[in-house]
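Shown next: input_19.pdb, given as PDB, C-alpha atoms.
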ATOM      1  CA  MET A   1     -11.850 -52.570 -19.574
ATOM      2  CA  GLN A   2     -14.783 -50.313 -20.420
ATOM      3  CA  ASP A   3     -14.642 -46.888 -18.766
ATOM      4  CA  ARG A   4     -17.960 -47.119 -16.937
ATOM      5  CA  PRO A   5     -19.129 -44.453 -14.472
ATOM      6  CA  ASP A   6     -18.992 -45.496 -10.819
ATOM      7  CA  ILE A   7     -21.247 -43.308  -8.726
ATOM      8  CA  THR A   8     -19.976 -44.906  -5.505
ATOM      9  CA  LEU A   9     -16.515 -43.463  -6.103
ATOM     10  CA  VAL A  10     -18.031 -40.012  -6.506
ATOM     11  CA  LYS A  11     -20.166 -40.334  -3.377
ATOM     12  CA  ASP A  12     -17.201 -41.448  -1.285
ATOM     13  CA  TYR A  13     -15.021 -38.589  -2.511
ATOM     14  CA  PHE A  14     -17.677 -35.924  -1.932
ATOM     15  CA  LEU A  15     -18.356 -37.165   1.616
ATOM     16  CA  THR A  16     -14.631 -37.202   2.386
ATOM     17  CA  LEU A  17     -14.205 -33.697   0.955
ATOM     18  CA  GLN A  18     -17.139 -32.464   3.034
ATOM     19  CA  SER A  19     -15.537 -33.768   6.228
ATOM     20  CA  GLU A  20     -12.120 -32.329   5.387
ATOM     21  CA  ILE A  21     -13.455 -28.847   4.626
ATOM     22  CA  CYS A  22     -15.713 -28.711   7.669
ATOM     23  CA  GLN A  23     -12.863 -29.791   9.950
ATOM     24  CA  ALA A  24     -10.473 -27.235   8.493
ATOM     25  CA  ILE A  25     -12.962 -24.370   8.843
ATOM     26  CA  GLU A  26     -13.857 -25.414  12.401
ATOM     27  CA  ASN A  27     -10.170 -25.376  13.343
ATOM     28  CA  ILE A  28      -9.765 -21.850  12.010
ATOM     29  CA  ASP A  29     -13.000 -20.518  13.485
ATOM     30  CA  GLY A  30     -12.253 -21.937  16.905
ATOM     31  CA  VAL A  31     -15.721 -21.272  18.359
ATOM     32  CA  GLU A  32     -18.549 -22.972  16.466
ATOM     33  CA  ASN A  33     -18.829 -26.364  14.777
ATOM     34  CA  PHE A  34     -20.831 -27.487  11.780
ATOM     35  CA  SER A  35     -24.119 -29.195  12.503
ATOM     36  CA  THR A  36     -24.488 -32.767  11.292
ATOM     37  CA  GLU A  37     -27.662 -34.358   9.949
ATOM     38  CA  ASP A  38     -28.272 -37.468   7.888
ATOM     39  CA  ILE A  39     -31.535 -37.440   5.958
ATOM     40  CA  HIS A  40     -32.483 -40.637   4.146
ATOM     41  CA  ALA A  41     -35.206 -40.768   1.495
ATOM     42  CA  ALA A  42     -37.447 -43.778   0.952
ATOM     43  CA  ASN A  43     -36.099 -44.232  -2.578
ATOM     44  CA  GLY A  44     -32.501 -44.550  -1.389
ATOM     45  CA  GLY A  45     -31.436 -40.921  -1.571
ATOM     46  CA  HIS A  46     -29.276 -39.427   1.148
ATOM     47  CA  ALA A  47     -28.513 -35.857   2.237
ATOM     48  CA  ARG A  48     -25.953 -34.686   4.758
ATOM     49  CA  PRO A  49     -26.341 -30.938   5.270
ATOM     50  CA  ARG A  50     -23.730 -29.298   7.487
ATOM     51  CA  VAL A  51     -24.121 -25.686   8.611
ATOM     52  CA  LEU A  52     -22.079 -23.431  10.900
ATOM     53  CA  ASP A  53     -23.749 -20.296  12.258
ATOM     54  CA  ALA A  54     -22.481 -17.378  14.348
ATOM     55  CA  GLY A  55     -18.851 -18.413  14.490
ATOM     56  CA  ALA A  56     -15.971 -16.193  15.517
ATOM     57  CA  HIS A  57     -14.831 -15.782  11.905
ATOM     58  CA  ILE A  58     -17.525 -17.507   9.832
ATOM     59  CA  GLU A  59     -20.911 -15.852  10.180
ATOM     60  CA  ARG A  60     -22.576 -18.544   8.063
ATOM     61  CA  GLY A  61     -20.964 -21.545   6.473
ATOM     62  CA  ALA A  62     -22.687 -24.418   4.692
ATOM     63  CA  VAL A  63     -21.160 -27.561   3.202
ATOM     64  CA  GLN A  64     -23.991 -29.628   1.747
ATOM     65  CA  TYR A  65     -23.821 -33.187   0.427
ATOM     66  CA  SER A  66     -26.727 -34.791  -1.396
ATOM     67  CA  HIS A  67     -27.443 -37.973  -3.325
ATOM     68  CA  SER A  68     -30.741 -37.633  -5.172
ATOM     69  CA  ILE A  69     -32.724 -40.224  -7.086
ATOM     70  CA  GLY A  70     -35.624 -39.194  -9.298
ATOM     71  CA  LEU A  71     -37.940 -40.322 -12.053
ATOM     72  CA  ALA A  72     -37.268 -37.268 -14.238
ATOM     73  CA  LEU A  73     -34.655 -34.529 -14.330
ATOM     74  CA  PRO A  74     -35.911 -31.138 -13.098
ATOM     75  CA  PRO A  75     -36.040 -28.475 -15.839
ATOM     76  CA  ALA A  76     -32.987 -26.660 -14.447
ATOM     77  CA  ALA A  77     -30.916 -29.796 -15.026
ATOM     78  CA  SER A  78     -32.266 -30.678 -18.471
ATOM     79  CA  GLU A  79     -32.486 -27.250 -20.133
ATOM     80  CA  ARG A  80     -28.965 -27.637 -21.534
ATOM     81  CA  ASN A  81     -29.686 -31.256 -22.497
ATOM     82  CA  PRO A  82     -33.326 -31.419 -23.613
ATOM     83  CA  HIS A  83     -32.812 -34.964 -24.945
ATOM     84  CA  LEU A  84     -32.494 -36.099 -21.298
ATOM     85  CA  ALA A  85     -35.745 -34.509 -20.138
ATOM     86  CA  GLY A  86     -38.166 -36.939 -18.558
ATOM     87  CA  LYS A  87     -35.547 -39.619 -17.854
ATOM     88  CA  GLY A  88     -34.725 -41.150 -14.512
ATOM     89  CA  PHE A  89     -31.526 -40.035 -12.832
ATOM     90  CA  GLU A  90     -29.185 -40.128  -9.881
ATOM     91  CA  ALA A  91     -27.313 -36.995  -8.857
ATOM     92  CA  VAL A  92     -24.515 -36.612  -6.337
ATOM     93  CA  ALA A  93     -23.410 -33.141  -5.306
ATOM     94  CA  ILE A  94     -21.399 -31.183  -2.785
ATOM     95  CA  SER A  95     -22.001 -27.461  -2.506
ATOM     96  CA  MET A  96     -20.388 -25.030  -0.097
ATOM     97  CA  ILE A  97     -20.461 -21.375   0.825
ATOM     98  CA  MET A  98     -18.570 -19.369   3.447
ATOM     99  CA  HIS A  99     -19.879 -15.971   4.517
ATOM    100  CA  PRO A 100     -17.104 -14.514   6.684
ATOM    101  CA  ARG A 101     -17.690 -12.105   9.516
ATOM    102  CA  ASN A 102     -14.775  -9.815   8.617
ATOM    103  CA  PRO A 103     -15.394  -7.639   5.513
ATOM    104  CA  TYR A 104     -11.755  -8.081   4.485
ATOM    105  CA  VAL A 105     -12.267 -11.817   4.041
ATOM    106  CA  PRO A 106     -13.997 -12.720   0.761
ATOM    107  CA  THR A 107     -17.038 -14.910   0.518
ATOM    108  CA  PHE A 108     -16.319 -18.092  -1.369
ATOM    109  CA  HIS A 109     -18.508 -20.633  -3.111
ATOM    110  CA  ALA A 110     -17.771 -24.025  -4.635
ATOM    111  CA  ASN A 111     -19.776 -26.944  -5.902
ATOM    112  CA  LEU A 112     -19.141 -30.246  -7.636
ATOM    113  CA  ARG A 113     -21.822 -32.491  -9.085
ATOM    114  CA  PHE A 114     -22.294 -35.718 -11.001
ATOM    115  CA  PHE A 115     -25.406 -36.776 -12.919
ATOM    116  CA  LEU A 116     -26.115 -40.310 -14.093
ATOM    117  CA  VAL A 117     -29.185 -40.271 -16.338
ATOM    118  CA  ASP A 118     -31.120 -43.313 -17.496
ATOM    119  CA  ASN A 119     -28.169 -45.505 -16.386
ATOM    120  CA  ASP A 120     -26.328 -44.516 -19.556
ATOM    121  CA  ASN A 121     -25.732 -40.768 -19.864
ATOM    122  CA  TRP A 122     -23.480 -39.039 -17.355
ATOM    123  CA  TYR A 123     -21.658 -35.775 -16.815
ATOM    124  CA  PHE A 124     -19.862 -33.740 -14.161
ATOM    125  CA  GLY A 125     -20.139 -30.049 -13.380
ATOM    126  CA  GLY A 126     -18.976 -27.532 -10.827
ATOM    127  CA  GLY A 127     -16.295 -24.999 -10.031
ATOM    128  CA  PHE A 128     -15.456 -22.332  -7.486
ATOM    129  CA  ASP A 129     -15.520 -18.542  -7.341
ATOM    130  CA  LEU A 130     -14.463 -15.748  -4.988
ATOM    131  CA  THR A 131     -16.568 -12.746  -3.952
ATOM    132  CA  PRO A 132     -14.483 -10.105  -2.157
ATOM    133  CA  TYR A 133     -15.628  -6.837  -0.590
ATOM    134  CA  TYR A 134     -12.263  -5.147   0.031
ATOM    135  CA  PRO A 135      -9.973  -7.158  -2.233
ATOM    136  CA  PHE A 136      -6.223  -7.646  -1.981
ATOM    137  CA  LEU A 137      -4.501  -8.246  -5.296
ATOM    138  CA  THR A 138      -2.290 -10.923  -3.743
ATOM    139  CA  ASP A 139      -5.363 -12.857  -2.628
ATOM    140  CA  VAL A 140      -7.048 -12.710  -6.029
ATOM    141  CA  VAL A 141      -3.895 -13.783  -7.834
ATOM    142  CA  HIS A 142      -3.398 -16.652  -5.356
ATOM    143  CA  TRP A 143      -6.995 -17.772  -5.926
ATOM    144  CA  HIS A 144      -6.499 -17.896  -9.682
ATOM    145  CA  LYS A 145      -3.116 -19.590  -9.384
ATOM    146  CA  MET A 146      -4.839 -22.406  -7.488
ATOM    147  CA  ALA A 147      -7.567 -22.528 -10.133
ATOM    148  CA  ALA A 148      -4.902 -22.836 -12.826
ATOM    149  CA  GLN A 149      -3.126 -25.524 -10.790
ATOM    150  CA  ALA A 150      -6.352 -27.545 -10.609
ATOM    151  CA  CYS A 151      -6.499 -27.525 -14.418
ATOM    152  CA  ALA A 152      -2.795 -27.957 -15.112
ATOM    153  CA  ASN A 153      -2.825 -31.669 -15.983
ATOM    154  CA  PHE A 154      -5.979 -31.606 -18.068
ATOM    155  CA  GLY A 155      -5.070 -29.932 -21.323
ATOM    156  CA  ASP A 156      -3.610 -26.655 -22.492
ATOM    157  CA  GLY A 157      -6.083 -23.836 -22.261
ATOM    158  CA  THR A 158      -8.392 -25.579 -19.766
ATOM    159  CA  TYR A 159      -7.955 -22.925 -17.073
ATOM    160  CA  ALA A 160      -8.501 -20.074 -19.546
ATOM    161  CA  ARG A 161     -11.600 -21.761 -20.943
ATOM    162  CA  LEU A 162     -13.150 -22.450 -17.535
ATOM    163  CA  LYS A 163     -12.208 -19.017 -16.188
ATOM    164  CA  LYS A 164     -14.043 -17.435 -19.118
ATOM    165  CA  TRP A 165     -17.051 -19.680 -18.474
ATOM    166  CA  CYS A 166     -17.000 -18.635 -14.807
ATOM    167  CA  ASP A 167     -16.772 -14.927 -15.676
ATOM    168  CA  GLU A 168     -19.780 -15.305 -17.959
ATOM    169  CA  TYR A 169     -21.863 -17.384 -15.550
ATOM    170  CA  PHE A 170     -21.350 -15.451 -12.306
ATOM    171  CA  TYR A 171     -22.605 -12.218 -13.819
ATOM    172  CA  LEU A 172     -25.659 -10.149 -12.915
ATOM    173  CA  PRO A 173     -27.044  -8.878 -16.241
ATOM    174  CA  HIS A 174     -29.644  -6.694 -14.524
ATOM    175  CA  ARG A 175     -26.763  -4.899 -12.759
ATOM    176  CA  GLN A 176     -24.284  -5.267 -15.609
ATOM    177  CA  GLU A 177     -21.618  -6.322 -13.146
ATOM    178  CA  ALA A 178     -19.764  -9.449 -12.083
ATOM    179  CA  ARG A 179     -20.620 -11.105  -8.785
ATOM    180  CA  GLY A 180     -16.947 -11.298  -7.854
ATOM    181  CA  VAL A 181     -13.519 -12.052  -9.283
ATOM    182  CA  GLY A 182     -14.373 -15.473 -10.699
ATOM    183  CA  GLY A 183     -12.496 -18.740 -10.687
ATOM    184  CA  LEU A 184     -13.631 -21.878 -12.536
ATOM    185  CA  PHE A 185     -16.952 -23.086 -13.902
ATOM    186  CA  PHE A 186     -17.754 -26.138 -16.006
ATOM    187  CA  ASP A 187     -20.812 -28.170 -16.939
ATOM    188  CA  ASP A 188     -21.669 -31.251 -19.008
ATOM    189  CA  TRP A 189     -18.089 -32.412 -18.451
ATOM    190  CA  THR A 190     -17.195 -35.834 -19.911
ATOM    191  CA  GLU A 191     -13.747 -35.102 -21.344
ATOM    192  CA  GLY A 192     -11.483 -38.152 -21.551
ATOM    193  CA  GLY A 193     -14.100 -40.538 -20.231
ATOM    194  CA  PHE A 194     -15.285 -41.153 -16.696
ATOM    195  CA  GLN A 195     -11.955 -41.770 -14.966
ATOM    196  CA  GLN A 196     -10.226 -38.735 -16.428
ATOM    197  CA  SER A 197     -13.257 -36.557 -15.761
ATOM    198  CA  PHE A 198     -13.415 -37.800 -12.179
ATOM    199  CA  ASP A 199      -9.693 -37.123 -11.767
ATOM    200  CA  PHE A 200     -10.287 -33.563 -12.935
ATOM    201  CA  VAL A 201     -13.167 -33.073 -10.487
ATOM    202  CA  ARG A 202     -10.989 -34.365  -7.663
ATOM    203  CA  SER A 203      -8.232 -31.976  -8.708
ATOM    204  CA  VAL A 204     -10.665 -29.063  -8.460
ATOM    205  CA  GLY A 205     -12.019 -30.303  -5.125
ATOM    206  CA  ASP A 206      -8.540 -30.809  -3.681
ATOM    207  CA  CYS A 207      -7.633 -27.190  -4.524
ATOM    208  CA  ILE A 208     -10.541 -25.635  -2.624
ATOM    209  CA  LEU A 209      -8.896 -25.522   0.803
ATOM    210  CA  PRO A 210      -5.448 -24.482  -0.460
ATOM    211  CA  ALA A 211      -7.142 -21.680  -2.397
ATOM    212  CA  TYR A 212      -9.288 -20.275   0.418
ATOM    213  CA  LYS A 213      -7.636 -21.251   3.698
ATOM    214  CA  PRO A 214      -4.632 -18.891   3.528
ATOM    215  CA  ILE A 215      -6.865 -15.960   2.570
ATOM    216  CA  LEU A 216      -9.153 -16.628   5.520
ATOM    217  CA  ILE A 217      -6.236 -17.017   7.938
ATOM    218  CA  ASN A 218      -4.414 -13.900   6.708
ATOM    219  CA  ARG A 219      -7.444 -11.559   6.727
ATOM    220  CA  LYS A 220      -9.751 -12.787   9.497
ATOM    221  CA  ASP A 221      -8.293 -10.493  12.185
ATOM    222  CA  THR A 222      -8.018  -7.345  10.051
ATOM    223  CA  PRO A 223      -9.515  -4.376  11.960
ATOM    224  CA  TYR A 224     -12.685  -2.930  10.437
ATOM    225  CA  THR A 225     -15.343  -0.338  11.215
ATOM    226  CA  GLU A 226     -19.074  -0.007  10.727
ATOM    227  CA  ARG A 227     -18.423   1.474   7.276
ATOM    228  CA  GLU A 228     -16.754  -1.719   6.040
ATOM    229  CA  ARG A 229     -19.407  -3.887   7.674
ATOM    230  CA  ASN A 230     -22.213  -1.950   5.990
ATOM    231  CA  PHE A 231     -20.550  -2.280   2.585
ATOM    232  CA  GLN A 232     -20.141  -6.005   3.141
ATOM    233  CA  LEU A 233     -23.865  -6.333   3.911
ATOM    234  CA  TYR A 234     -24.724  -4.259   0.827
ATOM    235  CA  ARG A 235     -22.591  -6.434  -1.444
ATOM    236  CA  ARG A 236     -24.104  -9.565   0.088
ATOM    237  CA  GLY A 237     -27.340  -8.381  -1.439
ATOM    238  CA  ARG A 238     -25.777  -8.959  -4.856
ATOM    239  CA  TYR A 239     -24.997 -12.512  -3.827
ATOM    240  CA  VAL A 240     -28.629 -13.065  -2.832
ATOM    241  CA  GLU A 241     -29.860 -11.576  -6.108
ATOM    242  CA  PHE A 242     -27.694 -13.936  -8.116
ATOM    243  CA  ASN A 243     -28.660 -17.047  -6.179
ATOM    244  CA  LEU A 244     -32.388 -16.382  -6.297
ATOM    245  CA  ALA A 245     -32.724 -14.888  -9.785
ATOM    246  CA  ILE A 246     -30.042 -16.606 -11.859
ATOM    247  CA  ASP A 247     -28.300 -19.585 -10.264
ATOM    248  CA  ARG A 248     -29.259 -22.912 -11.843
ATOM    249  CA  GLY A 249     -28.245 -24.806  -8.716
ATOM    250  CA  THR A 250     -30.805 -22.985  -6.573
ATOM    251  CA  LYS A 251     -33.468 -23.520  -9.215
ATOM    252  CA  TYR A 252     -32.573 -27.204  -9.386
ATOM    253  CA  GLY A 253     -32.888 -27.549  -5.615
ATOM    254  CA  LEU A 254     -36.296 -25.900  -5.564
ATOM    255  CA  GLN A 255     -37.565 -27.881  -8.557
ATOM    256  CA  SER A 256     -36.299 -31.226  -7.276
ATOM    257  CA  GLY A 257     -38.211 -30.975  -4.015
ATOM    258  CA  ARG A 258     -35.168 -30.898  -1.760
ATOM    259  CA  ARG A 259     -35.664 -29.637   1.778
ATOM    260  CA  ILE A 260     -35.953 -25.863   1.542
ATOM    261  CA  GLU A 261     -33.707 -25.288   4.571
ATOM    262  CA  SER A 262     -30.892 -27.077   2.775
ATOM    263  CA  VAL A 263     -31.458 -25.297  -0.535
ATOM    264  CA  LEU A 264     -31.356 -21.843   1.043
ATOM    265  CA  ALA A 265     -28.614 -22.544   3.604
ATOM    266  CA  SER A 266     -26.242 -20.680   1.287
ATOM    267  CA  MET A 267     -27.993 -17.387   1.987
ATOM    268  CA  PRO A 268     -26.092 -14.946   4.229
ATOM    269  CA  PRO A 269     -27.620 -14.411   7.680
ATOM    270  CA  GLN A 270     -27.686 -10.648   7.073
ATOM    271  CA  ALA A 271     -27.778  -8.472   3.953
ATOM    272  CA  ILE A 272     -29.019  -4.989   3.080
ATOM    273  CA  TRP A 273     -30.175  -3.093  -0.012
ATOM    274  CA  ARG A 274     -29.732   0.639  -0.478
ATOM    275  CA  TYR A 275     -31.701   2.590  -3.010
ATOM    276  CA  ASN A 276     -29.604   3.943  -5.885
ATOM    277  CA  TRP A 277     -26.367   3.816  -3.914
ATOM    278  CA  HIS A 278     -22.991   4.423  -5.583
ATOM    279  CA  PRO A 279     -19.541   4.422  -4.017
ATOM    280  CA  GLU A 280     -17.654   7.670  -3.681
ATOM    281  CA  PRO A 281     -15.051   8.151  -6.434
ATOM    282  CA  ASP A 282     -11.549   6.955  -5.507
ATOM    283  CA  SER A 283     -12.854   5.301  -2.326
ATOM    284  CA  PRO A 284     -11.918   1.772  -1.195
ATOM    285  CA  GLU A 285     -15.452   0.710  -2.136
ATOM    286  CA  ALA A 286     -15.068   2.169  -5.636
ATOM    287  CA  GLU A 287     -11.863   0.188  -6.076
ATOM    288  CA  LEU A 288     -13.881  -3.046  -6.009
ATOM    289  CA  TYR A 289     -16.032  -1.846  -8.911
ATOM    290  CA  ASP A 290     -13.306  -0.115 -10.906
ATOM    291  CA  ARG A 291     -10.357  -2.434 -10.460
ATOM    292  CA  PHE A 292     -11.558  -5.892  -9.463
ATOM    293  CA  LEU A 293     -15.013  -6.638 -10.896
ATOM    294  CA  PRO A 294     -14.097  -6.025 -14.568
ATOM    295  CA  VAL A 295     -12.813  -9.214 -16.207
ATOM    296  CA  ARG A 296      -9.020  -9.442 -16.118
ATOM    297  CA  ASP A 297      -6.201 -11.880 -16.686
ATOM    298  CA  TRP A 298      -5.230 -12.236 -13.034
ATOM    299  CA  LEU A 299      -2.278 -14.512 -13.700
ATOM    300  CA  SER A 300      -0.516 -11.728 -15.592
ATOM    301  CA  GLU A 301      -0.632  -9.400 -12.562
ATOM    302  CA  ILE A 302       2.598  -8.607 -10.721
ATOM    303  CA  THR A 303       2.168  -8.812  -6.959
TER     304      THR A 303
END

As structure tokens, what does this structure read like?
Amino acid sequence: MQDRPDITLVKDYFLTLQSEICQAIENIDGVENFSTEDIHAANGGHARPRVLDAGAHIERGAVQYSHSIGLALPPAASERNPHLAGKGFEAVAISMIMHPRNPYVPTFHANLRFFLVDNDNWYFGGGFDLTPYYPFLTDVVHWHKMAAQACANFGDGTYARLKKWCDEYFYLPHRQEARGVGGLFFDDWTEGGFQQSFDFVRSVGDCILPAYKPILINRKDTPYTERERNFQLYRRGRYVEFNLAIDRGTKYGLQSGRRIESVLASMPPQAIWRYNWHPEPDSPEAELYDRFLPVRDWLSEIT
């Protein structure tokens, strides 16, 4: 039987994953729930944005599902594949971000996407990455162990290849620093045909909660002071800079005409910028820059 792409399978999985992640985060937060909206477009598209604000442990969380149908790919989606420019497409995506209240809990981001172009060309993309403020080595190693586990059944070297891609993508060249400690990133993914590629995407999606949930649970009640909170807000500014200046997903959302509230729901509710600020040498804040942001082989660390 021909290995044909089935967009319905992808839609069903993304909607199920959205529900599972929202429920798990709500259970941990214990105060606020995710909003629920269903937005239907005249051409058959469907969006289900879900946002949690002002929770006990999650200051802003967004888990966004969208199914888009268009006459031509936006430039952000076709720049890597110029031969697909101007062709009709369907795109299914789930994108999520958690901005924790406690500075000792990292921010995390993940997204998975599927493009079907001109009813013939298709590809997956996505990944997940971790952005800590006051990192714990055990947490970073756990995160990368889960990333490696997601890749384990899909070829030798897959984790190393996608980790490198993530390190290169989530980088702020104008700051010459990484956004965080990385994870996985992949694009234009068709390896092994549709079914194997879809299996890989599901493996990545199924590792999101096991990767982040224990970190959130273990760190959410860590005592902190105004100093740690201010550093968290300062580092959130880096996250904003990346999303608005570099991220292809944000550009795609703006170019495709999606509802602006949904596109920018990933922004933190608060962030600050300080002029020419540098951490004090040998401080906990300097440890982030000196020890954790430089690219490393986290799986070789002894914890």

Q: Might you pull out every residue within 8 Å of Tyr104 (chain A), with only C-alpha atoms counted and same-chain residues fewer than 4 positions away left off, and present them as a PyMOL selection string?
A: chain A and resi 132-135+219-220+222+224

Q | Output check: residues returned by the PyMOL selection byres ((chain A and resi 254) around 12), as a list in words | A | Pro74, Pro75, Ala76, Ala77, Asn243, Leu244, Asp247, Arg248, Gly249, Thr250, Lys251, Tyr252, Gly253, Gln255, Ser256, Gly257, Arg258, Arg259, Ile260, Glu261, Ser262, Val263 and Leu264 of chain A

Q) Using only C-alpha atoms, which of the listed residues (A:Asn43, A:Leu73, A:Arg202, A:Phe185) sits closest to Arg161 (chain A)? A)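 Answer, going by the shortest atom-to-atom distance: A:Phe185.
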
Q) Which residues, written as a ChimeraX atom specification, have at least one atom at most 8 Å from Gly30 (chain A), with all atoms listed in the file counted and residues fewer than 2 positions away on the same chain left out? A) /A:26-28,32,55-56

Q: Could you pull out every residue with an atom within 8 Å of (-21.5, -21.1, -19.3), file coordinates, counting all atoms listed in the file, and send them as a list in words?
A: Trp165, Cys166, Glu168, Tyr169, Phe185, Phe186 and Asp187 of chain A

Q: Calculate how many Å separate CA of Ala160 (chain A) from CA of Val181 (chain A), rounding to one decimal.
A: 14.0 Å

Q.
So the first atom is CA of Gly127 (chain A) and the second is CA of Ser19 (chain A); what is the distance between them in Å, to one decimal place?
A.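 Straight-line distance from CA of Gly127 (chain A) to CA of Ser19 (chain A) works out to 18.5 Å.
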
Build an axis-aligned box that encloses every atom of region 113-129 of chain A listed in the file, pad it by 4 Å on each side, and report its centre and edge lengths in Å to one decimal, as AutoDock Vina command-line options.
--center_x -23.3 --center_y -32.0 --center_z -13.6 --size_x 23.7 --size_y 35.0 --size_z 20.5

Q. Written as a list in words, which residues does the PyMOL selection byres ((chain A and resi 91-98) around 7) give for the file shown?
A. Lys11, Phe14, Ile58, Arg60, Gly61, Ala62, Val63, Gln64, Tyr65, Ser66, His67, Ser68, Ile69, Phe89, Glu90, His99, Pro100, Thr107, Phe108, His109, Ala110, Asn111, Leu112, Arg113, Phe114, Phe115, Leu116 and Ser266 of chain A

Q: Go through A:Arg238, A:Arg80, A:His278, A:His57 one by one, measure the shortest atom-to-atom distance of each to Tyr123 (chain A) using all atoms listed in the file, and give the residue with the smallest value.
A: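 For Tyr123 (chain A), the nearest of the given residues is A:Arg80.
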
Q) Neighbours of region 274-276 of chain A within 12 Å (all atoms listed in the file; same-chain residues fewer than 4 positions away dropped), as a ChimeraX atom specification? A) /A:175,230-231,233-238
